[in-house]
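See structure below.
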Amino acid sequence: MEILFSVTVAVLVGTGIYLILRARTFPVVMGLMLLSYGVNLFLVAMGRLHSGLPAIIKEGVDYTDPLPQALVLTAIVIGFAMTSFITVLALRARGELGNDHVDGTKDREPGR
Amino acid sequence: MMAHWITFPVLLPLATGVLLIFMARASLDAKRAVSIISTLVSLPVMGVLVAQAMGGDYQVYALGNWQPPFGIVLVLDRLTAMLLMLSATLALPALLYGIRSDDKGGRNFHPLFHFQLMGLQGAFLTGDLFNLFVFFEITLIASYGLLMHGAGPDRTRASLHYVILNLVGSALFLIGVGTLYGVLGSLNMADLAVRIAAVPAGDAPIVHAAGLILLAVFGLKAAMLPLYFWLPSAYSSASPSVASLFAIMTKLGVYSILRVHGLLFGEQAGPLEDAVDRWLWPLAILTLVFGAIGVLGARTLKRVVSYLVIVSVGTLLAVIATDDADLLAGGLYYLIHSTFITAALFLLADIISAQRGETADDLVPSRPLVQPRLLGAVFFIGAISVTGLPPLSGFVSKAAMFVASAGAGYAPVLWAVILLAGLVTLVSMCRAGSTLFWNSTAEPPQGRGADKSKLVAALFLLIMSPVMSLWADPLLAYCGATAEQLTNSAGYIQAVLGDTGGME
């Protein structure tokens, strides 16, 4: 399970970083989303991976660590708000700057 | 009741912000009144907190009475009290200036302004690493809104970069915090400091990596060398009142490095001691150098001031990297000075550019100003102070830093770079001043003189500089006590965790 999990996080973060480095706003927004998914999974893993453990503490029984779940919940809420904000911002930049390049300038001609 | 004062810097702006959201359709005057009253009320409260912290006792407030290290704590010490006072004092003129122009640009200027204050003051107070993240996010979300405020293509472009960079920064912050929790099993900063000292050798590299990831995050907020490129365009395109409030945003990054890395990777960290300082010193010096080059190369007054912010960040980070309490005392005085003076210059740049028509604050010949004598005199005071010439606070801060570092091994580098940056600032301010005030075309001046309230706001910030040099002795004494308290991380840990020491 650990290997599958870490590969998933790596793929999400890697894809996210690749997309963030693109020159147009839409891939960048997608990249930020994927990056935040990867980070959220990473946070869950920091509470150690378990399955089938009770969430409520009982004497003598192992339990799942609730704190990373609380952290992830906070991170998801913030991430969601930020995704919607950056989407609106990207749309506004498209409207005001006339193109969807992150620098607000049109692509240079090839060869220059 | 006295013990609850410490929650005020968070609760007051929160309540004001929420109230202002509900007043969205109320008249602008009503919103302004609420906004100003809240800012005025916060000043005496901060005064009370400074008085409480002055004695050198730590105040620890366990929210919901969940005892640390399990619950969330607010911790008040001298540094926190000083920065709370600074942010409240800075907020007043910024708001006053905003009321005269910027708050007409949109409905939510005032709520955003107070949420920004809440995030800042919460981040200064919290003793919990994840809460630091949350307050950072509150600050950032409000700052996104404020930066966009009033719109315009330049602002939109700068905001896009700022938001994307900071979202990546937030992701890194979570990775850093998550890694620390995964290895050490705590998020309370005092508890983390205890646990880092006892970290097994196999886990030490992971903790080291987490520390450096956090350095990158705080470096982005503070505008440290490879991560400062967003700042000049963001700050120079923001509305003036917002830019002057942002003068303290970079200091938040500096504060986080001072607090988190001082506590976690300080002298108690055993093998990980100085794990971060090694990186911080060269980066800080290079930030200073590049900031100075930027000051020299900038073509508008607002960009000059933006690069001056970077110079101040470089100076502060270099001081922090040396880990010297005496030097840090001068550094903290410099922190207050540079915040006030850069904020004042942002406001002044806007007042000047308003009288120059289309050329605005570009450093090119233009029609003469309406009030050349008044603005020239004010600009002169600001330039003297920011350059660090006697008798104003810039000189006092540099003198204090130089005296403290005399004889140390790093002194030649530090002195040379700071003095050269000062020289470059002097050259740049002379050039800016002579272009703005003397090199004018033959056209007659047009338009009206500056708005009185705007001038008062800028002068209020500027007057802090002579005030700070008049009362330099008590201020430096306070800064010295603060620096001493900061180097004594054992005191912080004991105050938060009590005698148990955290580890069972």
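In the structure tokens, the first chain shown is A, the next is B, and so on; residue numbers restart at 1 for each chain, and ligands run from 1 in the order shown.
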With the cut-off set at 10 Å and counting only C-alpha atoms, tabulate each residue of chain B with an atom at most that distance from an atom of chain A, showing the nearest atom pair and its distance in Å to one decimal, ordered by chain and increasing number, as CSV.
residue,atom,partner,partner_atom,distance
B:Phe130,CA,A:Leu71,CA,7.8
B:Asn131,CA,A:Leu71,CA,9.9
B:Phe133,CA,A:Ala75,CA,9.6
B:Val134,CA,A:Thr74,CA,8.3
B:Glu137,CA,A:Ile78,CA,7.7
B:Ile138,CA,A:Ile78,CA,9.3
B:Ile141,CA,A:Met82,CA,7.9
B:Tyr144,CA,A:Phe85,CA,9.1
B:Gly145,CA,A:Phe85,CA,9.5
B:Met148,CA,A:Leu89,CA,9.1
B:Ala151,CA,A:Glu96,CA,9.3
B:Gly152,CA,A:Glu96,CA,7.6
B:Pro153,CA,A:Glu96,CA,5.8
B:Asp154,CA,A:Leu97,CA,8.9
B:Arg155,CA,A:Ala93,CA,9.6
B:Thr156,CA,A:Ala93,CA,6.0
B:Arg157,CA,A:Gly104,CA,6.4
B:Ala158,CA,A:Asp103,CA,8.8
B:Ser159,CA,A:Leu89,CA,8.2
B:Leu160,CA,A:Leu89,CA,6.8
B:His161,CA,A:Val102,CA,7.5
B:Val163,CA,A:Ile86,CA,7.3
B:Ile164,CA,A:Ile86,CA,7.7
B:Leu165,CA,A:Ile20,CA,9.8
B:Leu167,CA,A:Leu32,CA,7.3
B:Val168,CA,A:Leu32,CA,7.1
B:Ser170,CA,A:Ser36,CA,9.0
B:Ala171,CA,A:Ser36,CA,6.2
B:Leu172,CA,A:Val39,CA,8.3
B:Phe173,CA,A:Val39,CA,9.7
B:Leu174,CA,A:Val39,CA,6.9
B:Ile175,CA,A:Val39,CA,6.4
B:Gly176,CA,A:Leu43,CA,9.9
B:Val177,CA,A:Leu43,CA,8.7
B:Gly178,CA,A:Leu43,CA,5.4
B:Thr179,CA,A:Met46,CA,6.7
B:Leu180,CA,A:Met46,CA,8.9
B:Tyr181,CA,A:Met46,CA,6.9
B:Gly182,CA,A:Met46,CA,4.5
B:Val183,CA,A:Met46,CA,8.1
B:Gly185,CA,A:Gly47,CA,8.6
B:Ser186,CA,A:Leu67,CA,9.5
B:Leu187,CA,A:Leu67,CA,9.7
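Among the candidate residues B:Gln446, B:Thr342, B:Ser428, B:Gln67, the one lying nearest to Leu462 in chain B is B:Thr342, with distances computed using only C-alpha atoms.
You will find CA of Val424 in chain B at 16.0 Å from CA of Phe380 in chain B.
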Which neighbours of range 448-457 of chain B fall inside 12 Å, counting only C-alpha atoms, when residues of the same chain fewer than 4 positions from it are skipped, and could you give them as a VMD selection string? chain B and resid 89 to 102 240 to 241 244 340 343 to 357 369 to 375 378 to 379 461 to 464
CA of Ala399 in chain B and CA of Ile293 in chain B are how many Å apart? 23.0 Å
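The two atoms in question, CA of Ala24 in chain B and CA of Pro111 in chain B, are spaced 9.1 Å apart.
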Test item: residues at most 12 Å from Met46 in chain B, only C-alpha atoms, excluding those fewer than 4 positions along its chain, as number ranges by chain: B: 5-10, 12, 39-42, 50-54, 76, 78, 80-89, 121
